[in-house]
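Worksheet for the structure shown next.
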Amino acid sequence: MNVVEGLDNANLTESRCILTIGNFDGVHRGHQRILAIGRQKADDRGVPLVVMTFEPHPLAILNPANPPRRIASVEGKLEQLQACGVDCVVIAKSRPELLQIEAVAFIESVIVARFHPVAIVEGFNFGFGKGRTGSGETLKEFAGKWDYEVELVEPFNQTLTGGDMGDGEVTRTSSSLIRRLITEGRVSEAADGLGRPFSLDGPVVEGSKRGRTIGFPTANLAITDQIIPADGVYAGRVAIDGTDKKCAISIGSTPTFDGHVQQVEAHVLDFDGDLYGQHLKLEFIEHVREQTKFSSIDALVNQIKTDVEFVRNLQY
């Protein structure tokens with residue numbers, strides 16, 4: 001997959017392409033549906049499937065006081081786009097001048113001038129241009145003028161299984177829904193929308209080393225701008241040297257030790273090696289329990305033993 005940094009370096013008008021535009025945070029199952037249709041069209045026409053995406057998230061520029069935390073890192077997003085059969089990703093820098101282009105001008109100066117697509121495939125609620133005043137219908141209105149087709153794709157719906165969003169409620173999968181599920185610790189439902197487990201990735205950094213003293217050493221991950229699940233203990237998985245291993249993941253501020261800084265720690269089952277400096281990807285499978293302040297170290301150790309055995313016996 002070819003990755004083009006910067007819209008100014010995108011000049012795909014000679015080969016034409018199938019184009020889809022969006023932030024694609026998480027590359028969830030709604031995104032995957034769009035990309036699958038785009039891939040089929042690209043194969044039928046013998047042209048590449050091209051994604052134009054934005055970094056950082058446009059809302060980080062338009063609403064810097066409250067930017068969305070990302071579901072996946074840039075590297076994670078690119079990995080998933082490649083897995084969906086994308087031929088080329090153009091990463092447009094979210095500059096104010098780009099985000100303020102009026103919708104029709106955006107079609108002419110960006111979509112047509114840079115990509116000259118045979119067809120554009122978008123979600124049913126696609127919005128673009130200044131104030132998101134452009135829509136799929138806007139694209140269709142000018143399709144004849146600039147010689148492209150438009151297909152708008154219906155959403156992917158998932159069934160929620162609990163929480164205040166309603167048990168058994170069917171709702172549209174979206175990046176905002178998945179962010180909310182993750183922040184509530186509902187990682188198995190987030191996985192339903194993603195089509196894979198939610199994951200955090202980052203380097204292993206030095207922690208308090210307290211886990212080793214109580215018999216449960218942990219790898220502490222430094223997380224930058226990814227969204228972090230609710231404090232608690234989770235069953236997870238991590239690949240070390242190409243081998244998948246189960247892990248018990250703890251998120252929280254170590255309340256038993258009166259900690260105040262949120263940490264992401266993973267105890268890898270049946271592993272006793274040095275992971276400092278390695279870049280790990282933790283996959284979250286299931287929420288095990290909430291974070292608790294224990295009355296003693298012995299009580300904490302006994303609970304960790306129970307947690308580890310639960311993770312060990314869980315089938316995944």
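Each chain in the structure tokens gets a letter, A, B and so on, in the order shown; residues start at 1 in every chain, and ligands are counted from 1 in the order they appear.
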
At most 7 Å is the cut-off: for each residue in range 131-195 of chain A with any atom that close to an atom of range 283-287 of chain A, write down the nearest atom pair and the distance in Å rounded to one decimal, counting only C-alpha atoms, chain first then increasing number, as a tab-separated table.
residue	atom	partner	partner_atom	distance
A:Gly185	CA	A:His287	CA	6.5
A:Arg186	CA	A:His287	CA	6.8
A:Val187	CA	A:Glu286	CA	6.1
A:Ser188	CA	A:Glu286	CA	5.6

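By chain and then residue number, the residues within 10 Å of Ser175 in chain A are A:Asn23, A:Phe24, A:Asp25, A:Gly26, A:Val27, A:His28, A:Arg29, A:Gly30, A:His31, A:Pro68, A:Arg70, A:Ile71, A:Arg180, A:Leu181, A:Ala190, A:Gly193, A:Leu194, counting only C-alpha atoms and disregarding those fewer than 5 positions away in sequence.
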
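Among the candidate residues A:Glu14, A:Asp225, A:Glu189, A:Asp8, the one lying nearest to Pro117 in chain A is A:Glu14, with distances computed using only C-alpha atoms.
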
Item to check | Shell around Gly207 in chain A at 10 Å using only C-alpha atoms, local window under 5 positions removed, as a ChimeraX atom specification | outcome: /A:218-222,263,265,276

Selection export as a tab-separated table (two decimals), in the first residue's frame, atoms kept: N, CA and C atoms:
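Writing done, so here's selection.tsv:
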chain	number	residue	atom	x	y	z
A	218	THR	N	4.57	-6.69	35.67
A	218	THR	CA	3.74	-6.11	34.62
A	218	THR	C	4.58	-5.30	33.64
A	219	ALA	N	4.10	-5.24	32.42
A	219	ALA	CA	4.65	-4.33	31.41
A	219	ALA	C	3.79	-3.07	31.42
A	220	ASN	N	4.42	-1.93	31.64
A	220	ASN	CA	3.72	-0.65	31.70
A	220	ASN	C	3.83	0.05	30.36
A	221	LEU	N	2.69	0.34	29.74
A	221	LEU	CA	2.70	0.97	28.42
A	221	LEU	C	2.52	2.49	28.54
A	222	ALA	N	3.28	3.21	27.75
A	222	ALA	CA	3.10	4.66	27.63
A	222	ALA	C	2.14	4.91	26.48
A	263	GLN	N	-2.41	4.34	34.98
A	263	GLN	CA	-1.42	3.49	34.34
A	263	GLN	C	-2.11	2.38	33.56
A	265	GLU	N	-1.15	-1.37	32.63
A	265	GLU	CA	-0.19	-2.41	32.96
A	265	GLU	C	-0.73	-3.77	32.50
A	276	TYR	N	11.20	-4.13	28.42
A	276	TYR	CA	11.47	-2.69	28.41
A	276	TYR	C	11.92	-2.23	27.03

Item to check | Contact residues around range 296-309 of chain A with only C-alpha atoms at 9 Å, ignoring same-chain residues under 6 positions, as a list in words | outcome: Ile214, Gly215, Phe216, Val233, Tyr234, Ala235, Cys247, Ala248, Thr256, Phe257, His267, Leu269, Val288 and Arg289 of chain A

Checklist entry - Any idea what's packed within 10 Å of Leu81 in chain A, counting only C-alpha atoms, ignoring anything in its chain fewer than 5 positions away? Could you give it as a VMD selection string? => result chain A and resid 1 24 26 to 27 31 to 32 35 51 75 to 76 86 to 89

Only N, CA and C atoms, please: the residues just picked out, written as a short mmCIF file (atom, residue, chain, number, x, y, z; two decimals), in the first residue's frame.
data_model
loop_
_atom_site.label_atom_id
_atom_site.label_comp_id
_atom_site.auth_asym_id
_atom_site.auth_seq_id
_atom_site.Cartn_x
_atom_site.Cartn_y
_atom_site.Cartn_z
N MET A 1 0.85 -1.19 0.00
CA MET A 1 0.00 0.00 0.00
C MET A 1 0.88 1.24 0.00
N PHE A 24 -11.78 7.83 9.19
CA PHE A 24 -11.57 6.38 9.34
C PHE A 24 -10.96 6.00 10.68
N GLY A 26 -10.45 4.08 13.73
CA GLY A 26 -10.85 2.74 14.14
C GLY A 26 -11.08 1.78 12.98
N VAL A 27 -11.32 2.31 11.77
CA VAL A 27 -11.67 1.47 10.61
C VAL A 27 -12.66 0.41 11.07
N HIS A 31 -16.95 1.43 8.20
CA HIS A 31 -15.87 1.78 7.28
C HIS A 31 -15.53 0.59 6.38
N GLN A 32 -15.46 -0.59 6.99
CA GLN A 32 -15.08 -1.78 6.23
C GLN A 32 -16.08 -2.06 5.11
N LEU A 35 -15.25 0.31 2.31
CA LEU A 35 -14.00 -0.09 1.66
C LEU A 35 -14.19 -1.35 0.82
N VAL A 51 -7.83 6.09 -0.51
CA VAL A 51 -8.44 6.71 0.66
C VAL A 51 -7.76 8.04 0.91
N GLU A 75 -0.43 4.49 12.84
CA GLU A 75 0.09 3.22 12.33
C GLU A 75 -0.99 2.14 12.33
N GLY A 76 -1.80 2.13 13.40
CA GLY A 76 -2.88 1.15 13.47
C GLY A 76 -3.92 1.37 12.40
N VAL A 86 -6.89 -1.48 0.53
CA VAL A 86 -6.65 -0.14 -0.02
C VAL A 86 -5.31 -0.11 -0.73
N ASP A 87 -5.26 0.51 -1.90
CA ASP A 87 -4.02 0.61 -2.67
C ASP A 87 -3.18 1.82 -2.29
N CYS A 88 -3.84 2.91 -1.96
CA CYS A 88 -3.12 4.15 -1.67
C CYS A 88 -3.88 4.96 -0.62
N VAL A 89 -3.16 5.48 0.35
CA VAL A 89 -3.73 6.38 1.36
C VAL A 89 -3.04 7.73 1.23
#

Checklist entry - Which parts of range 58-280 of chain A does DSSP call alpha helix (DSSP H) when run on the backbone here, written out as a PyMOL selection string? => result chain A and resi 58-62+74-83+96-99+103-106+136-141+143-146+175-183+187-194+210-213

If you keep N, CA and C atoms, can you produce a file of those selected residues as a short mmCIF file (atom, residue, chain, number, x, y, z; two decimals), in the first residue's frame?
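And here is the file that came out, part.cif:
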data_model
loop_
_atom_site.label_atom_id
_atom_site.label_comp_id
_atom_site.auth_asym_id
_atom_site.auth_seq_id
_atom_site.Cartn_x
_atom_site.Cartn_y
_atom_site.Cartn_z
N PRO A 58 -9.94 16.29 12.20
CA PRO A 58 -10.36 17.69 11.97
C PRO A 58 -10.90 18.40 13.20
N LEU A 59 -11.57 17.65 14.10
CA LEU A 59 -12.11 18.29 15.30
C LEU A 59 -11.02 18.77 16.24
N ALA A 60 -9.81 18.21 16.11
CA ALA A 60 -8.70 18.70 16.92
C ALA A 60 -8.29 20.11 16.50
N ILE A 61 -8.62 20.48 15.26
CA ILE A 61 -8.35 21.83 14.74
C ILE A 61 -9.55 22.73 14.96
N LEU A 62 -10.74 22.20 14.68
CA LEU A 62 -11.95 23.01 14.78
C LEU A 62 -12.40 23.20 16.22
N VAL A 74 -2.00 6.28 14.27
CA VAL A 74 -1.87 6.43 12.82
C VAL A 74 -1.42 5.12 12.20
N GLU A 75 -0.43 4.49 12.84
CA GLU A 75 0.09 3.22 12.33
C GLU A 75 -0.99 2.14 12.33
N GLY A 76 -1.80 2.13 13.40
CA GLY A 76 -2.88 1.15 13.47
C GLY A 76 -3.92 1.37 12.40
N LYS A 77 -4.24 2.64 12.13
CA LYS A 77 -5.22 2.94 11.09
C LYS A 77 -4.69 2.49 9.72
N LEU A 78 -3.44 2.78 9.44
CA LEU A 78 -2.87 2.39 8.15
C LEU A 78 -2.83 0.87 8.01
N GLU A 79 -2.53 0.19 9.10
CA GLU A 79 -2.51 -1.28 9.07
C GLU A 79 -3.88 -1.84 8.71
N GLN A 80 -4.93 -1.28 9.30
CA GLN A 80 -6.28 -1.76 9.02
C GLN A 80 -6.73 -1.39 7.61
N LEU A 81 -6.37 -0.21 7.13
CA LEU A 81 -6.72 0.17 5.76
C LEU A 81 -6.06 -0.77 4.75
N GLN A 82 -4.82 -1.13 5.01
CA GLN A 82 -4.14 -2.08 4.13
C GLN A 82 -4.84 -3.43 4.16
N ALA A 83 -5.26 -3.85 5.35
CA ALA A 83 -5.95 -5.14 5.47
C ALA A 83 -7.26 -5.15 4.70
N PRO A 96 -6.49 24.64 8.86
CA PRO A 96 -7.74 25.42 8.81
C PRO A 96 -8.15 25.80 7.40
N GLU A 97 -7.17 26.14 6.55
CA GLU A 97 -7.52 26.57 5.19
C GLU A 97 -8.13 25.44 4.38
N LEU A 98 -7.75 24.19 4.65
CA LEU A 98 -8.36 23.05 3.96
C LEU A 98 -9.77 22.81 4.50
N LEU A 99 -9.93 22.89 5.80
CA LEU A 99 -11.22 22.59 6.42
C LEU A 99 -12.26 23.68 6.17
N ALA A 103 -18.02 23.57 0.04
CA ALA A 103 -18.23 22.21 -0.46
C ALA A 103 -17.98 22.07 -1.96
N VAL A 104 -18.59 22.94 -2.77
CA VAL A 104 -18.43 22.80 -4.23
C VAL A 104 -16.99 23.07 -4.63
N ALA A 105 -16.37 24.04 -4.00
CA ALA A 105 -14.96 24.32 -4.28
C ALA A 105 -14.08 23.14 -3.88
N PHE A 106 -14.47 22.42 -2.81
CA PHE A 106 -13.72 21.24 -2.38
C PHE A 106 -13.80 20.16 -3.45
N GLY A 136 -23.56 13.68 0.45
CA GLY A 136 -23.57 12.76 -0.68
C GLY A 136 -24.40 13.28 -1.83
N GLU A 137 -25.49 13.96 -1.51
CA GLU A 137 -26.33 14.54 -2.56
C GLU A 137 -25.60 15.65 -3.31
N THR A 138 -24.75 16.39 -2.60
CA THR A 138 -23.93 17.41 -3.27
C THR A 138 -22.99 16.76 -4.26
N LEU A 139 -22.37 15.65 -3.86
CA LEU A 139 -21.49 14.93 -4.77
C LEU A 139 -22.26 14.48 -6.01
N LYS A 140 -23.46 13.96 -5.82
CA LYS A 140 -24.27 13.49 -6.94
C LYS A 140 -24.65 14.64 -7.88
N GLU A 141 -24.92 15.79 -7.31
CA GLU A 141 -25.36 16.94 -8.10
C GLU A 141 -24.32 17.34 -9.15
N ALA A 143 -21.83 15.18 -10.27
CA ALA A 143 -21.20 13.99 -10.83
C ALA A 143 -21.09 14.07 -12.36
N GLY A 144 -22.13 14.54 -13.02
CA GLY A 144 -22.09 14.64 -14.47
C GLY A 144 -21.08 15.65 -14.96
N LYS A 145 -20.99 16.76 -14.27
CA LYS A 145 -20.06 17.82 -14.67
C LYS A 145 -18.62 17.34 -14.65
N TRP A 146 -18.26 16.55 -13.62
CA TRP A 146 -16.87 16.15 -13.49
C TRP A 146 -16.65 14.65 -13.70
N SER A 175 -17.64 5.75 14.93
CA SER A 175 -16.46 5.97 15.75
C SER A 175 -16.85 6.54 17.11
N SER A 176 -17.83 7.44 17.14
CA SER A 176 -18.24 8.04 18.42
C SER A 176 -18.87 6.98 19.33
N LEU A 177 -19.66 6.06 18.77
CA LEU A 177 -20.23 4.99 19.59
C LEU A 177 -19.12 4.12 20.17
N ILE A 178 -18.14 3.76 19.36
CA ILE A 178 -17.06 2.89 19.83
C ILE A 178 -16.24 3.60 20.89
N ARG A 179 -16.00 4.90 20.72
CA ARG A 179 -15.29 5.63 21.78
C ARG A 179 -16.05 5.56 23.09
N ARG A 180 -17.36 5.73 23.02
CA ARG A 180 -18.16 5.70 24.24
C ARG A 180 -18.13 4.32 24.89
N LEU A 181 -18.25 3.27 24.09
CA LEU A 181 -18.19 1.92 24.63
C LEU A 181 -16.85 1.67 25.33
N ILE A 182 -15.77 2.14 24.71
CA ILE A 182 -14.45 1.93 25.29
C ILE A 182 -14.32 2.67 26.62
N THR A 183 -14.77 3.92 26.65
CA THR A 183 -14.65 4.69 27.89
C THR A 183 -15.50 4.11 29.01
N VAL A 187 -15.56 -3.36 26.30
CA VAL A 187 -14.63 -3.64 25.21
C VAL A 187 -15.14 -4.75 24.29
N SER A 188 -15.92 -5.69 24.80
CA SER A 188 -16.43 -6.75 23.92
C SER A 188 -17.45 -6.18 22.93
N GLU A 189 -18.24 -5.19 23.36
CA GLU A 189 -19.17 -4.54 22.44
C GLU A 189 -18.43 -3.64 21.45
N ALA A 190 -17.36 -3.00 21.92
CA ALA A 190 -16.53 -2.22 20.99
C ALA A 190 -15.96 -3.13 19.91
N ALA A 191 -15.56 -4.35 20.32
CA ALA A 191 -15.04 -5.31 19.35
C ALA A 191 -16.09 -5.71 18.33
N ASP A 192 -17.36 -5.80 18.76
CA ASP A 192 -18.44 -6.11 17.82
C ASP A 192 -18.50 -5.06 16.72
N GLY A 193 -18.31 -3.79 17.08
CA GLY A 193 -18.36 -2.72 16.09
C GLY A 193 -17.10 -2.62 15.25
N LEU A 194 -15.96 -2.98 15.84
CA LEU A 194 -14.69 -2.91 15.12
C LEU A 194 -14.45 -4.13 14.23
N ARG A 210 6.49 -2.54 41.36
CA ARG A 210 5.82 -3.10 42.53
C ARG A 210 5.24 -4.48 42.22
N GLY A 211 4.78 -4.66 40.95
CA GLY A 211 4.18 -5.94 40.59
C GLY A 211 5.13 -7.10 40.75
N ARG A 212 6.41 -6.87 40.41
CA ARG A 212 7.38 -7.96 40.53
C ARG A 212 7.57 -8.38 41.99
N THR A 213 7.48 -7.41 42.90
CA THR A 213 7.71 -7.73 44.32
C THR A 213 6.59 -8.56 44.91
#

Next on the checklist: Which residues are close to Gly46 in chain A, i.e. within 10 Å by only C-alpha atoms, leaving aside same-chain residues fewer than 3 positions away? Reply as a PyMOL selection string.
Outcome noted: chain A and resi 15-18+40-43+49

Once you have the residues from the selection above, write them out as a PDB file, in the first residue's frame, restricted to C-alpha atoms.
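Result file follows (out-v1.pdb):
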ATOM      1  CA  SER A  15      -4.683   6.737 -13.553  1.00  0.00           C
ATOM      2  CA  ARG A  16      -8.012   7.834 -12.069  1.00  0.00           C
ATOM      3  CA  CYS A  17      -9.255   5.839  -9.094  1.00  0.00           C
ATOM      4  CA  ILE A  18     -12.081   4.816  -6.811  1.00  0.00           C
ATOM      5  CA  GLN A  40     -14.987  -4.334  -5.730  1.00  0.00           C
ATOM      6  CA  LYS A  41     -15.497  -1.252  -7.901  1.00  0.00           C
ATOM      7  CA  ALA A  42     -11.732  -0.792  -8.208  1.00  0.00           C
ATOM      8  CA  ASP A  43     -11.322  -4.401  -9.337  1.00  0.00           C
ATOM      9  CA  LEU A  49      -8.745   2.154  -4.455  1.00  0.00           C
TER      10      LEU A  49
END

Checklist entry - Please, which residues of range 138-234 of chain A, numbered as in this document, come out strand (DSSP E) from DSSP, as a ChimeraX atom specification? => result /A:149-153,157-159,170-172,198-205,219-221,232-234

Checklist entry - At what distance in Å, to one decimal, does CA of Thr20 in chain A lie from CA of Asp147 in chain A? => result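 That distance, rounded to one decimal, is 15.8 Å.
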
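Counting only C-alpha atoms, the residue from A:Asn2, A:Gln262, A:Ser135, A:Asn11 that sits nearest to Gly85 in chain A is A:Asn2.
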
Item to check | Option closest in space to Asp201 in chain A, from A:Gln278, A:Ile101, A:Val150, A:Thr53 [counting only C-alpha atoms] | outcome: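 Smallest separation from Asp201 in chain A among the options: A:Gln278.
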
Item to check | CA of Asp244 in chain A to CA of Pro217 in chain A, distance in Å rounded to a single decimal | outcome: 17.9 Å

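Separating CA of Gly131 in chain A from CA of Pro67 in chain A is a distance of 16.5 Å.
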
Checklist entry - Between A:Val205, A:Ala266, A:Ala119, A:Val90, which is the closest to Lys245 in chain A once you count only C-alpha atoms? => result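 Answer, going by the shortest atom-to-atom distance: A:Ala266.
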
Checklist outcome for this item: Nearest to Gly232 in chain A, restricted to only C-alpha atoms and choosing among A:Ile249, A:Ala10, A:Val268, A:Ala92, comes out as A:Ile249

Checklist entry - With only C-alpha atoms as the atoms that count, which of A:Ser73, A:Gln315, A:Thr292, A:Thr159 lies nearest to Leu200 in chain A? => result A:Ser73
